[in-house]
Every structure is written in structure tokens, then in C-alpha cells.
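This is work_32.txt. It holds compact mmCIF, C-alpha atoms and all ligand atoms.
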```txt
# COMPACT_ATOMS: atom_id res chain seq x y z
CA MET A 1 0.00 0.00 0.00
CA LYS A 2 1.20 3.49 -0.83
CA ASN A 3 2.49 5.36 2.20
CA LYS A 4 1.52 9.02 1.82
CA TYR A 5 4.29 10.17 4.13
CA VAL A 6 7.20 8.97 2.01
CA VAL A 7 8.73 11.75 -0.08
CA ASP A 8 8.73 11.25 -3.84
CA ARG A 9 12.46 10.85 -4.19
CA LEU A 10 12.47 7.91 -1.76
CA ARG A 11 9.34 6.22 -3.12
CA PRO A 12 11.26 3.74 -5.30
CA PHE A 13 13.15 2.52 -2.23
CA GLY A 14 10.73 0.19 -0.47
CA GLU A 15 11.66 -2.92 1.52
CA THR A 16 14.78 -4.32 -0.07
CA ILE A 17 15.10 -7.83 -1.38
CA PHE A 18 17.75 -8.32 1.33
CA ALA A 19 15.21 -7.63 4.06
CA THR A 20 12.63 -9.89 2.40
CA MET A 21 15.03 -12.79 1.94
CA THR A 22 16.45 -12.42 5.45
CA GLN A 23 12.93 -12.40 6.93
CA ARG A 24 11.99 -15.51 4.93
CA ALA A 25 15.24 -17.19 5.90
CA VAL A 26 14.59 -16.53 9.60
CA GLU A 27 11.01 -17.84 9.34
CA ALA A 28 12.21 -21.03 7.63
CA ASP A 29 15.32 -21.43 9.82
CA ALA A 30 17.41 -21.30 6.65
CA ILE A 31 21.15 -20.62 6.53
CA ASN A 32 21.52 -17.07 5.30
CA LEU A 33 24.01 -16.94 2.44
CA GLY A 34 22.13 -13.88 1.22
CA GLN A 35 23.47 -11.09 3.39
CA GLY A 36 27.16 -10.34 3.16
CA PHE A 37 28.30 -10.20 6.74
CA PRO A 38 30.79 -12.52 8.44
CA ASP A 39 29.76 -14.51 11.52
CA GLU A 40 33.25 -14.55 13.06
CA ASP A 41 35.04 -11.84 15.03
CA GLY A 42 38.00 -9.78 13.95
CA PRO A 43 41.52 -9.70 15.48
CA THR A 44 41.42 -10.19 19.27
CA GLN A 45 43.71 -7.30 20.11
CA MET A 46 41.57 -4.92 18.10
CA LEU A 47 38.51 -6.06 20.06
CA ASP A 48 40.44 -5.66 23.34
CA ILE A 49 41.44 -2.12 22.48
CA ALA A 50 37.84 -1.15 21.72
CA SER A 51 36.72 -2.58 25.10
CA GLN A 52 39.55 -0.77 26.91
CA GLN A 53 38.64 2.46 25.16
CA ILE A 54 35.06 2.24 26.40
CA LEU A 55 36.01 1.27 29.96
CA GLY A 56 38.84 3.82 29.95
CA GLY A 57 36.47 6.71 29.23
CA ASN A 58 36.95 7.45 25.53
CA ASN A 59 33.22 7.86 25.08
CA GLN A 60 32.61 11.41 23.88
CA TYR A 61 32.61 13.02 20.43
CA SER A 62 35.84 12.68 18.50
CA ALA A 63 37.29 15.52 16.43
CA GLY A 64 34.96 16.42 13.54
CA ARG A 65 37.11 14.65 10.96
CA GLY A 66 37.61 11.64 13.25
CA ASP A 67 40.35 10.40 15.60
CA ILE A 68 43.70 11.66 14.30
CA ALA A 69 45.29 8.29 15.14
CA LEU A 70 42.92 6.54 12.75
CA ARG A 71 43.26 9.21 10.07
CA THR A 72 47.03 8.84 10.30
CA ALA A 73 46.84 5.04 10.17
CA VAL A 74 44.59 5.15 7.10
CA ALA A 75 46.95 7.56 5.30
CA ARG A 76 50.04 5.51 6.23
CA GLU A 77 48.50 2.29 5.08
CA ARG A 78 47.46 3.82 1.75
CA HIS A 79 50.98 5.16 1.24
CA LYS A 80 52.57 1.82 2.05
CA ARG A 81 50.45 -0.17 -0.37
CA PHE A 82 49.85 2.23 -3.24
CA LYS A 83 52.34 5.08 -2.84
CA VAL A 84 49.50 7.61 -2.75
CA ASP A 85 49.79 10.39 -0.19
CA TYR A 86 47.05 11.97 1.86
CA ASN A 87 47.48 14.51 4.61
CA PRO A 88 45.71 13.08 7.70
CA GLU A 89 44.81 16.62 8.82
CA THR A 90 43.02 17.73 5.64
CA GLU A 91 42.56 14.81 3.26
CA VAL A 92 41.16 11.96 5.40
CA LEU A 93 37.67 11.85 6.90
CA ILE A 94 36.36 9.15 9.25
CA THR A 95 32.72 8.29 8.52
CA VAL A 96 29.90 6.10 9.81
CA GLY A 97 30.85 3.19 7.59
CA ALA A 98 31.57 3.44 3.90
CA THR A 99 27.84 4.00 3.47
CA GLU A 100 27.96 7.46 5.03
CA ALA A 101 31.08 8.32 3.03
CA ILE A 102 29.22 7.43 -0.18
CA SER A 103 26.10 9.42 0.73
CA ALA A 104 28.07 12.44 1.94
CA ALA A 105 30.23 12.40 -1.21
CA VAL A 106 27.24 12.35 -3.54
CA LEU A 107 25.32 14.94 -1.47
CA GLY A 108 28.31 17.24 -1.14
CA LEU A 109 29.61 16.99 -4.70
CA VAL A 110 26.71 16.38 -7.09
CA GLU A 111 24.18 19.08 -7.98
CA PRO A 112 20.48 18.20 -8.35
CA GLY A 113 19.77 17.33 -11.98
CA SER A 114 23.33 16.15 -12.65
CA GLU A 115 24.01 12.59 -13.74
CA VAL A 116 25.97 9.93 -11.89
CA ILE A 117 27.11 6.83 -13.76
CA VAL A 118 26.92 3.55 -11.87
CA LEU A 119 28.13 0.22 -13.17
CA GLU A 120 25.40 -2.35 -13.14
CA PRO A 121 24.79 -4.47 -11.11
CA PHE A 122 25.45 -1.89 -8.39
CA TYR A 123 25.39 -1.76 -4.60
CA ASP A 124 21.99 -0.37 -3.61
CA ALA A 125 23.28 2.50 -1.44
CA TYR A 126 24.55 4.30 -4.57
CA ALA A 127 21.05 4.54 -6.01
CA ALA A 128 19.62 5.90 -2.75
CA ALA A 129 22.39 8.49 -2.34
CA ILE A 130 21.90 9.70 -5.91
CA ALA A 131 18.13 9.95 -5.36
CA LEU A 132 18.60 11.85 -2.08
CA ALA A 133 20.83 14.32 -3.92
CA GLY A 134 18.12 14.87 -6.54
CA ALA A 135 20.55 13.66 -9.20
CA LYS A 136 19.96 11.15 -11.99
CA ARG A 137 21.38 7.64 -12.01
CA VAL A 138 22.69 6.34 -15.32
CA ALA A 139 23.36 2.60 -15.19
CA VAL A 140 25.98 1.08 -17.49
CA PRO A 141 25.96 -2.73 -17.42
CA LEU A 142 29.16 -4.69 -16.91
CA LYS A 143 30.07 -7.08 -19.72
CA GLU A 144 30.21 -10.83 -19.12
CA GLU A 145 33.51 -12.24 -20.36
CA GLU A 146 35.50 -15.39 -19.60
CA ASN A 147 33.21 -16.40 -16.75
CA THR A 148 33.54 -13.05 -14.99
CA TRP A 149 32.53 -9.43 -15.64
CA ILE A 150 34.57 -6.59 -17.04
CA LEU A 151 34.05 -2.87 -17.55
CA ASP A 152 32.32 -2.03 -20.83
CA ILE A 153 34.47 0.97 -21.71
CA ASP A 154 32.62 1.79 -24.95
CA ALA A 155 29.27 1.79 -23.18
CA LEU A 156 30.75 3.89 -20.38
CA HIS A 157 32.04 6.39 -22.91
CA THR A 158 28.66 6.56 -24.64
CA ALA A 159 26.87 7.15 -21.32
CA VAL A 160 28.80 10.37 -20.58
CA THR A 161 26.78 13.54 -21.28
CA LYS A 162 27.22 17.23 -20.51
CA LYS A 163 25.37 16.59 -17.26
CA THR A 164 27.61 13.80 -16.01
CA ALA A 165 29.28 14.76 -12.74
CA MET A 166 30.61 11.50 -11.32
CA ILE A 167 31.32 7.84 -12.02
CA ILE A 168 30.94 5.39 -9.14
CA VAL A 169 33.13 2.32 -9.47
CA ASN A 170 33.50 -0.59 -7.07
CA SER A 171 36.32 -3.10 -7.33
CA PRO A 172 36.48 -5.81 -5.98
CA HIS A 173 32.86 -5.78 -7.07
CA ASN A 174 29.74 -6.58 -5.11
CA PRO A 175 27.67 -8.53 -6.20
CA THR A 176 29.65 -10.25 -8.99
CA GLY A 177 32.97 -11.02 -7.27
CA SER A 178 34.82 -9.60 -10.26
CA VAL A 179 38.00 -7.56 -9.83
CA PHE A 180 38.60 -5.02 -12.57
CA SER A 181 42.02 -5.10 -14.19
CA LYS A 182 44.42 -2.19 -13.91
CA ARG A 183 44.14 -1.70 -17.67
CA SER A 184 40.38 -1.39 -17.62
CA LEU A 185 40.47 0.99 -14.66
CA GLU A 186 43.04 3.04 -16.58
CA ALA A 187 40.57 3.22 -19.46
CA LEU A 188 37.85 4.40 -17.05
CA ALA A 189 40.33 6.93 -15.68
CA GLY A 190 40.97 8.17 -19.23
CA ILE A 191 37.25 8.91 -19.65
CA ALA A 192 37.11 10.68 -16.27
CA ARG A 193 40.06 12.87 -17.23
CA ALA A 194 38.79 13.59 -20.74
CA TYR A 195 35.40 14.79 -19.48
CA ASP A 196 36.59 16.25 -16.18
CA LEU A 197 34.54 13.88 -14.02
CA LEU A 198 34.89 12.94 -10.38
CA VAL A 199 35.32 9.26 -9.59
CA LEU A 200 33.96 7.75 -6.40
CA SER A 201 35.93 4.56 -5.89
CA ASP A 202 34.30 2.20 -3.41
CA GLU A 203 37.13 -0.07 -2.26
CA VAL A 204 35.55 -1.72 0.79
CA TYR A 205 36.72 -5.15 -0.41
CA GLU A 206 40.24 -3.92 -1.21
CA HIS A 207 41.91 -6.58 0.95
CA LEU A 208 39.68 -9.44 -0.17
CA THR A 209 41.17 -10.53 -3.49
CA PHE A 210 41.99 -14.15 -4.33
CA ASP A 211 44.34 -16.15 -6.56
CA LYS A 212 47.16 -13.63 -6.06
CA ILE A 213 45.16 -10.92 -7.85
CA GLU A 214 46.23 -7.43 -6.79
CA HIS A 215 43.81 -4.67 -5.93
CA THR A 216 44.17 -1.48 -7.97
CA ALA A 217 43.59 1.79 -6.13
CA VAL A 218 41.96 4.15 -8.63
CA ALA A 219 43.61 7.20 -7.00
CA SER A 220 47.04 5.69 -7.75
CA LEU A 221 46.45 5.76 -11.53
CA PRO A 222 48.05 8.59 -13.51
CA GLY A 223 46.15 11.87 -13.20
CA MET A 224 43.53 10.39 -10.88
CA TRP A 225 44.55 11.52 -7.38
CA ASP A 226 43.09 14.97 -8.10
CA ARG A 227 39.62 13.73 -9.02
CA THR A 228 39.13 10.55 -6.98
CA ILE A 229 37.26 10.06 -3.74
CA THR A 230 38.33 6.75 -2.26
CA VAL A 231 35.94 5.12 0.17
CA SER A 232 36.71 2.14 2.37
CA SER A 233 35.95 0.80 5.83
CA ALA A 234 36.93 -1.55 8.62
CA ALA A 235 33.80 -3.65 8.09
CA LYS A 236 35.04 -6.22 5.59
CA THR A 237 38.75 -5.96 6.36
CA PHE A 238 38.40 -6.77 10.06
CA ASN A 239 35.03 -8.58 10.33
CA VAL A 240 33.35 -5.66 12.11
CA THR A 241 30.38 -4.72 9.94
CA GLY A 242 28.56 -3.57 13.10
CA TRP A 243 31.21 -1.01 14.03
CA LYS A 244 30.27 1.17 11.07
CA THR A 245 33.71 2.74 10.93
CA GLY A 246 34.72 3.87 7.47
CA TRP A 247 36.61 6.65 5.71
CA ALA A 248 36.88 8.86 2.67
CA LEU A 249 40.14 10.05 1.15
CA ALA A 250 40.28 12.97 -1.27
CA PRO A 251 42.19 16.17 -2.02
CA ALA A 252 41.33 18.85 0.57
CA PRO A 253 38.85 20.93 -1.50
CA ILE A 254 36.91 17.81 -2.49
CA LEU A 255 36.95 16.49 1.07
CA ASP A 256 35.70 19.86 2.35
CA ALA A 257 32.63 19.52 0.11
CA ILE A 258 32.02 16.03 1.53
CA ILE A 259 32.38 17.32 5.09
CA ARG A 260 29.72 19.98 4.44
CA ALA A 261 27.22 17.12 4.10
CA LYS A 262 28.73 14.67 6.60
CA GLN A 263 28.85 17.12 9.52
CA PHE A 264 25.05 17.32 9.53
CA MET A 265 24.42 13.64 8.84
CA SER A 266 26.09 12.22 11.93
CA TYR A 267 28.66 14.84 12.92
CA VAL A 268 31.06 12.05 13.97
CA GLY A 269 31.14 8.27 14.16
CA ALA A 270 31.55 6.12 17.30
CA THR A 271 34.73 7.22 19.10
CA PRO A 272 36.02 4.09 20.93
CA PHE A 273 36.26 1.96 17.79
CA GLN A 274 38.58 4.36 16.04
CA PRO A 275 41.82 3.72 18.00
CA ALA A 276 41.09 -0.01 17.71
CA VAL A 277 40.84 0.17 13.93
CA ALA A 278 43.96 2.38 13.84
CA HIS A 279 45.83 -0.37 15.68
CA ALA A 280 44.50 -3.03 13.33
CA LEU A 281 45.50 -1.14 10.16
CA ALA A 282 49.04 -0.76 11.47
CA ASN A 283 49.51 -4.22 13.02
CA GLU A 284 47.10 -6.84 11.74
CA LYS A 285 48.42 -7.53 8.22
CA PRO A 286 49.13 -11.19 9.08
CA TRP A 287 45.56 -11.59 10.36
CA ILE A 288 44.19 -10.15 7.10
CA LYS A 289 46.39 -12.55 5.12
CA GLN A 290 45.06 -15.54 7.03
CA MET A 291 41.48 -14.37 6.68
CA ARG A 292 41.90 -13.92 2.93
CA LYS A 293 43.35 -17.43 2.65
CA GLY A 294 40.43 -18.85 4.59
CA LEU A 295 37.92 -16.96 2.46
CA GLN A 296 39.49 -18.27 -0.73
CA LEU A 297 39.07 -21.81 0.54
CA LYS A 298 35.44 -21.10 1.42
CA ARG A 299 34.92 -19.68 -2.05
CA ASP A 300 36.28 -22.92 -3.49
CA ILE A 301 34.05 -25.08 -1.30
CA LEU A 302 30.85 -23.18 -2.10
CA SER A 303 31.67 -22.86 -5.82
CA ALA A 304 32.27 -26.61 -6.06
CA THR A 305 29.02 -27.38 -4.24
CA LEU A 306 27.02 -25.14 -6.58
CA ALA A 307 28.71 -26.66 -9.63
CA ASP A 308 28.00 -30.18 -8.34
CA ALA A 309 24.37 -29.18 -8.09
CA GLY A 310 24.35 -28.51 -11.82
CA LEU A 311 24.66 -24.71 -11.85
CA LYS A 312 27.07 -22.73 -13.98
CA VAL A 313 29.28 -20.99 -11.44
CA HIS A 314 31.05 -17.75 -12.29
CA ALA A 315 34.59 -17.04 -11.16
CA SER A 316 34.89 -15.02 -7.96
CA TYR A 317 38.19 -13.15 -7.72
CA GLY A 318 37.32 -11.08 -4.69
CA THR A 319 34.69 -9.98 -2.11
CA TYR A 320 32.48 -12.33 -0.09
CA PHE A 321 30.42 -13.48 -3.06
CA VAL A 322 30.10 -15.99 -5.85
CA VAL A 323 27.43 -15.78 -8.57
CA ALA A 324 25.74 -18.83 -10.08
CA ASP A 325 23.69 -18.95 -13.27
CA ILE A 326 20.30 -20.67 -12.97
CA GLY A 327 19.50 -20.76 -16.69
CA GLU A 328 15.98 -19.95 -17.87
CA ARG A 329 14.50 -19.51 -14.40
CA ASP A 330 13.87 -16.25 -12.57
CA GLY A 331 16.26 -15.32 -9.75
CA VAL A 332 13.63 -14.08 -7.30
CA GLU A 333 11.49 -17.21 -7.71
CA PHE A 334 14.58 -19.40 -7.46
CA CYS A 335 15.75 -17.75 -4.21
CA LEU A 336 12.32 -17.94 -2.57
CA ASP A 337 12.06 -21.58 -3.58
CA LEU A 338 15.61 -22.39 -2.44
CA ILE A 339 14.78 -21.35 1.13
CA HIS A 340 12.15 -24.09 1.29
CA ARG A 341 13.83 -26.70 -0.89
CA ALA A 342 17.28 -26.48 0.65
CA GLY A 343 17.02 -24.33 3.77
CA VAL A 344 19.53 -21.90 2.28
CA ALA A 345 18.98 -18.24 1.39
CA ALA A 346 20.69 -16.40 -1.49
CA ILE A 347 20.10 -13.08 -3.29
CA PRO A 348 18.95 -12.57 -6.89
CA VAL A 349 21.41 -10.29 -8.70
CA GLN A 350 18.52 -8.46 -10.39
CA ALA A 351 18.01 -6.69 -7.04
CA PHE A 352 21.15 -4.69 -7.89
CA SER A 353 19.93 -3.58 -11.28
CA ASP A 354 17.78 -1.15 -13.26
CA ASN A 355 17.43 -3.81 -15.97
CA PRO A 356 16.26 -6.89 -14.03
CA GLU A 357 15.63 -9.04 -17.10
CA GLN A 358 19.30 -8.82 -18.02
CA TRP A 359 20.34 -10.29 -14.66
CA SER A 360 17.41 -12.56 -13.83
CA SER A 361 19.41 -15.78 -14.29
CA LYS A 362 22.11 -14.76 -11.80
CA VAL A 363 22.04 -15.53 -8.09
CA ARG A 364 24.57 -14.35 -5.49
CA PHE A 365 25.75 -16.57 -2.65
CA ALA A 366 27.90 -15.30 0.26
CA PHE A 367 30.72 -17.53 1.53
CA CYS A 368 31.93 -15.28 4.39
CA LYS A 369 30.59 -17.65 7.03
CA LYS A 370 32.15 -19.86 9.71
CA GLU A 371 33.42 -23.15 8.34
CA THR A 372 30.73 -25.04 10.28
CA THR A 373 27.96 -22.80 8.89
CA LEU A 374 29.27 -23.11 5.36
CA LEU A 375 29.63 -26.90 5.61
CA GLU A 376 26.07 -27.19 6.92
CA ALA A 377 24.92 -25.06 3.96
CA THR A 378 26.82 -27.24 1.47
CA GLN A 379 25.33 -30.39 3.02
CA ARG A 380 21.86 -28.94 2.67
CA LEU A 381 22.53 -27.98 -0.96
CA ASN A 382 24.03 -31.42 -1.66
CA ALA A 383 20.96 -33.10 -0.19
CA VAL A 384 18.69 -31.40 -2.73
CA GLY A 385 20.65 -32.87 -5.64
CA GLU A 386 20.07 -30.85 -8.80
CA LEU A 387 19.46 -27.19 -8.13
C1 LIG A 401 30.17 -2.40 -2.22
C2 LIG A 401 29.87 -1.98 -0.83
N1 LIG A 401 30.08 -0.71 -0.47
C3 LIG A 401 29.82 -0.28 0.78
C4 LIG A 401 29.33 -1.13 1.75
C5 LIG A 401 29.01 -0.58 3.11
O1 LIG A 401 30.07 -0.58 3.94
P1 LIG A 401 29.91 -0.12 5.48
O2 LIG A 401 29.30 -1.26 6.22
O3 LIG A 401 31.28 0.21 5.91
O4 LIG A 401 29.00 1.06 5.49
C6 LIG A 401 29.09 -2.47 1.42
C7 LIG A 401 28.54 -3.38 2.42
O5 LIG A 401 28.01 -4.42 2.13
C8 LIG A 401 29.37 -2.91 0.11
O6 LIG A 401 29.16 -4.17 -0.27
```
Represent the structure contained in this file as C-alpha cells.
Amino acid sequence: MKNKYVVDRLRPFGETIFATMTQRAVEADAINLGQGFPDEDGPTQMLDIASQQILGGNNQYSAGRGDIALRTAVARERHKRFKVDYNPETEVLITVGATEAISAAVLGLVEPGSEVIVLEPFYDAYAAAIALAGAKRVAVPLKEEENTWILDIDALHTAVTKKTAMIIVNSPHNPTGSVFSKRSLEALAGIARAYDLLVLSDEVYEHLTFDKIEHTAVASLPGMWDRTITVSSAAKTFNVTGWKTGWALAPAPILDAIIRAKQFMSYVGATPFQPAVAHALANEKPWIKQMRKGLQLKRDILSATLADAGLKVHASYGTYFVVADIGERDGVEFCLDLIHRAGVAAIPVQAFSDNPEQWSSKVRFAFCKKETTLLEATQRLNAVGEL
């Protein structure tokens, strides 16, 4: 039923498919491989520091841009890995998860009526942020190639108009598990430079790449530091999706525009988590390495199970997700049915799209679960036989 209180620009954003599937999964006591959150904790020392911070009295507002220790740790870590430099005083902002960084960036940098290009399938928060800003979303589909997805540079080029203000790119990519090559990101960068566009690079899965594939930081590409807003967070790197501690990195004038919006959205994020994440960024590389190794194994286990059940399974080179192809059937129907047939929940990829028919045969499964949970899920899927 239509709710008269909802403003027009948020009308298209009803209950998400994630909420529906999670609700159905709970009702049916299904294992939820739909939502992408881990069910294991992050590094122990990081958790200890957060507890000590709370008990030790670090419980009031942080500085407006966030704890300087965390801003410094983020900048140092970026420099170490990608040789890109950000001044922690003026070019790093701590946010309430990557989600707030994305919303604040779009609200602070994109005028109403401007266009923002998103690569489809896209994470749903982009669409909502663009709508809140009164801007227009222009979806450019990824291209399926060699069992994964790549950027369609020609289509991207064609989509640019005089009104285009920003391109949002996300690699490693949710929901497909693809990781865009340096060459293709360089081609995207070429378009951004040629048309003087901003690029919002959502790199929340930056540490979660498999098979020795390296993450490319868009801001490290030639001529891109000046026009890139890099967004990331502790959520996926340290198994703390509930801490909602993220960040945005950008040249000072761009970051100032983002802060104009962010300061009235939340003012600041939760203080006691910030020194804990700062510690983890500086000291928990070995933990990340182990986690990535474990995730790769889980990817292999789930991919093999889905293939054994007769599905075409796409390659997953990063993130928490693997996509399977279900042929002629519809993804929403398939996922609803799977909850009852197998006791396992997944997410139809069409939920991430403006062109559902193009993605209706693709279903996303999350493998970021405890080994016991994942094995139980694979047993349930095996028991069904053909999916
Ligand atoms: C692509 C992408 N960006 C951003 C986020 C949100 O990150 P955070 O929890 O730090 O707000 C997610 C979470 O699922 C995601 O998949």
C-alpha cells in the first residue's frame, strides 16, 4: 500500500530484497548466504582495544574529521600499499561506515539534476544516495567475459553527457565477485580525465582478493589523485560490519565539500572503535592474510558445491560473493524456492539492477561464514541434488 508520508524521491526505495530474503530465511530457519556479513570476530587485540577504550572513558565526540590516530593510520596504510599520499589533517575523513562516506560524497559533490554513472549491477546505497541528492542515475551494465565481468568501456564512454558529474566504481565488485584489471580501470580513468569527471571509488573489499590478484587503487592511476574520492571501511577488512567505521580520502577541497554534508548527517562516528581500527590497520596484516586465505578456501568449497548441483558458477576473484547462473529460471522465484527446498537463502542479482531481465538468471551466494555454517549449507545444498 502506498504510504503518503514517504517523499517522492524515496518512493522507489521500499523494503529491499535483502530484508525480504532475510525475513523468509529466519522464518524457515534457513542458513543465510544472502546477506554479506561474516559470523566470526576480527583480530582479538583490536577487540580488546575497543573494550579498553570504552572502559577507559573514551566515550565522547571525537574531532569532527575523526580520531587523528585513525586518520594517520589510514593515510600511512594507503601510502605503504599504493604510494599515494594523503594529509591526515586535511585529506582523510572518518565516517559512519563506507555507506555514510558514499552518501556524503554524492550529497556534497553532485548538484540536483546532474548525472551519476553507476556500473550495473550496483550496490543499492549508490542509487539511494543519488536519489537523495536529486541527481539522476545512469546505469551502465558490466560485460560478461570469460566467466567473470569486465568494464564495458565503450558503453561507459557513450553514457557520458554534458550533465555527467561523477562515475561510481566498485572493485572488488559486489555482487559479482569480479575484480577489474588495472588496464580497464586506466581506461575508465581516461574517460574521467577527458570529461573532467569525479570518480567515487568504493574499495571496501580492497583486501579481499583471491588467486594472487592485486587490488588497484583508482587514485594511484596517472592523473587520478586529483579527481578521486576513495571510500573504504573496517567492516570487511576486520570482520566488524557492526562497528560502522569507514573513511573517505580525497584532495582537501573535495573532502571539504564532503564534510559539508557529513557534519550534519552524523557529525562524527563512534569514538572508541577508532583507536582499535587504527591499531589493526598498522599491526594486523598477518591476520588479514590468514582471513583472505580462509575466504578463498570457502569460495572454493561453495563454488564446487554449486557446480556439483548442476549450476554454472562464475569465477569469484574477490569480495564475499560468488554468482551462479540458474538458466531460464527467474532469480527471485529461485531464491524464494531455495529457502524451502534447501534451507539456504541467497540473493537474486537483479536486485542490484535497473534492468532486471538482463540479470534474472544470476544468483549471489555469500561464503563469508564460519566453516561449520558453510559446511552445513553445502550439506543442505548437496541433499537437494540438482538445483
Ligand atoms: C560495495 C559496498 N560498499 C559499501 C558497503 C558498506 O560498507 P559499510 O558497512 O562500511 O557502510 C558495502 C557493504 O556491504 C558494500 O558491499
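Near A:Val344, within 6 Å and counting all atoms listed in the file, sit Ala30, Ile31 and Ile339 of chain A; same-chain residues fewer than 3 positions away were not included.
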Convert the current residue selection to file output with C-alpha atoms, as a tab-separated table (two decimals), keeping the file's coordinate frame.
```tsv
chain	number	residue	atom	x	y	z
A	30	ALA	CA	17.41	-21.30	6.65
A	31	ILE	CA	21.15	-20.62	6.53
A	339	ILE	CA	14.78	-21.35	1.13
```
>> I want to know what sits within 9 Å of stretch 55-69 of chain A, based on all atoms listed in the file, with residues of the same chain fewer than 6 positions away left out; could you give that as an MDAnalysis selection string?
In response: chainID A and resid 88:90 92:95 259 263 267:272 274:275 278:279
Let me know the centre plus edge lengths, in Å and rounded to one decimal, of a box with edges along x, y and z that contains all listed atoms of stretch 85-97 of chain A and is padded by 4 Å on every side, as lines of an AutoDock Vina configuration file.
```
center_x = 39.8
center_y = 10.5
center_z = 4.8
size_x = 27.9
size_y = 22.5
size_z = 18.0
```
Determine, counting all atoms listed in the file, which protein, DNA and RNA residues have an atom within 8 Å of an atom of A:Ala252; residues of the same chain fewer than 3 positions away are not included. Present the result as a short mmCIF file (atom, residue, chain, number, x, y, z; two decimals) with C-alpha atoms, in the coordinates of the input.
```cif
data_model
loop_
_atom_site.label_atom_id
_atom_site.label_comp_id
_atom_site.auth_asym_id
_atom_site.auth_seq_id
_atom_site.Cartn_x
_atom_site.Cartn_y
_atom_site.Cartn_z
CA THR A 90 43.02 17.73 5.64
CA GLU A 91 42.56 14.81 3.26
CA LEU A 255 36.95 16.49 1.07
CA ASP A 256 35.70 19.86 2.35
#
```
>> Could you list, as a PyMOL selection string, all protein and nucleic acid residues with an atom at most 10 Å from ligand LIG 401 (chain A), counting all atoms listed in the file?
In response: chain A and resi 35-37+95-102+122-126+169-175+201-205+231-237+240-247+319-321
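Closest approach to A:Thr148 among A:Ala194, A:Ala351, A:Leu302, A:Val313 is made by A:Val313 (distances from only C-alpha atoms).
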> Within 10 Å of A:Gly223, counting only C-alpha atoms, which residues qualify if same-chain residues fewer than 5 places away don't, as a PyMOL selection string?
Replying inline: chain A and resi 186+189-190+192-193+218+228
Any chance you could tabulate, as CSV, the residues of stretch 108-204 of chain A at most 10 Å from stretch 13-26 of chain A with each one's nearest atom pair and distance in Å to one decimal, using only C-alpha atoms, in chain and rising number order?
```
residue,atom,partner,partner_atom,distance
A:Asp124,CA,A:Thr16,CA,9.0
A:Ala127,CA,A:Phe13,CA,9.0
A:Ala128,CA,A:Phe13,CA,7.3
A:Ala131,CA,A:Phe13,CA,9.5
```
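Using all atoms listed in the file for every distance, the candidate list A:Leu142, A:Ala50, A:Val116, A:Leu188 yields A:Val116 as the residue closest to A:Lys162.
Going from atom CA of A:Asp325 over to atom CA of A:Pro121, you cover 14.7 Å.
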>> Give me, as a PyMOL selection string, all polymer residues having an atom no more than 10 Å from stretch 207-211 of chain A, counting all atoms listed in the file and skipping those fewer than 5 positions away in the same chain.
In response: chain A and resi 171-172+177-179+236-238+285+288-289+291-293+295-297+299+316-320
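Among A:Leu198, A:Leu10, A:Val322, A:Ala217, the residue with the shortest atom-to-atom distance to A:Ile130, counting only C-alpha atoms, is A:Leu10.
For the pair atom CA of A:Ala159 and atom CA of A:Ser114, the interatomic distance is 13.0 Å.
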>> Using Å and a single decimal, report how far atom CA of A:Ile347 sits from atom CA of A:Arg9.
In response: 25.1 Å
> Of the candidates A:Lys312, A:Lys4, A:Arg260, A:Arg329, which shows the shortest atom-to-atom distance to A:Trp359, using only C-alpha atoms?
Replying inline: A:Arg329
> Can you tell me, as a ChimeraX atom specification, which residues sit within 6 Å of (20.0, 12.1, -13.5) in the file's frame, using all atoms listed in the file?
Replying inline: /A:113-115,135-137
Selection to disk with C-alpha atoms, as a PDB file, in the coordinates of the input:
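As a result, selection_16.pdb now contains:
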```pdb
ATOM      1  CA  GLY A 113      19.770  17.330 -11.980  1.00  0.00           C
ATOM      2  CA  SER A 114      23.330  16.150 -12.650  1.00  0.00           C
ATOM      3  CA  GLU A 115      24.010  12.590 -13.740  1.00  0.00           C
ATOM      4  CA  ALA A 135      20.550  13.660  -9.200  1.00  0.00           C
ATOM      5  CA  LYS A 136      19.960  11.150 -11.990  1.00  0.00           C
ATOM      6  CA  ARG A 137      21.380   7.640 -12.010  1.00  0.00           C
TER       7      ARG A 137
END
```
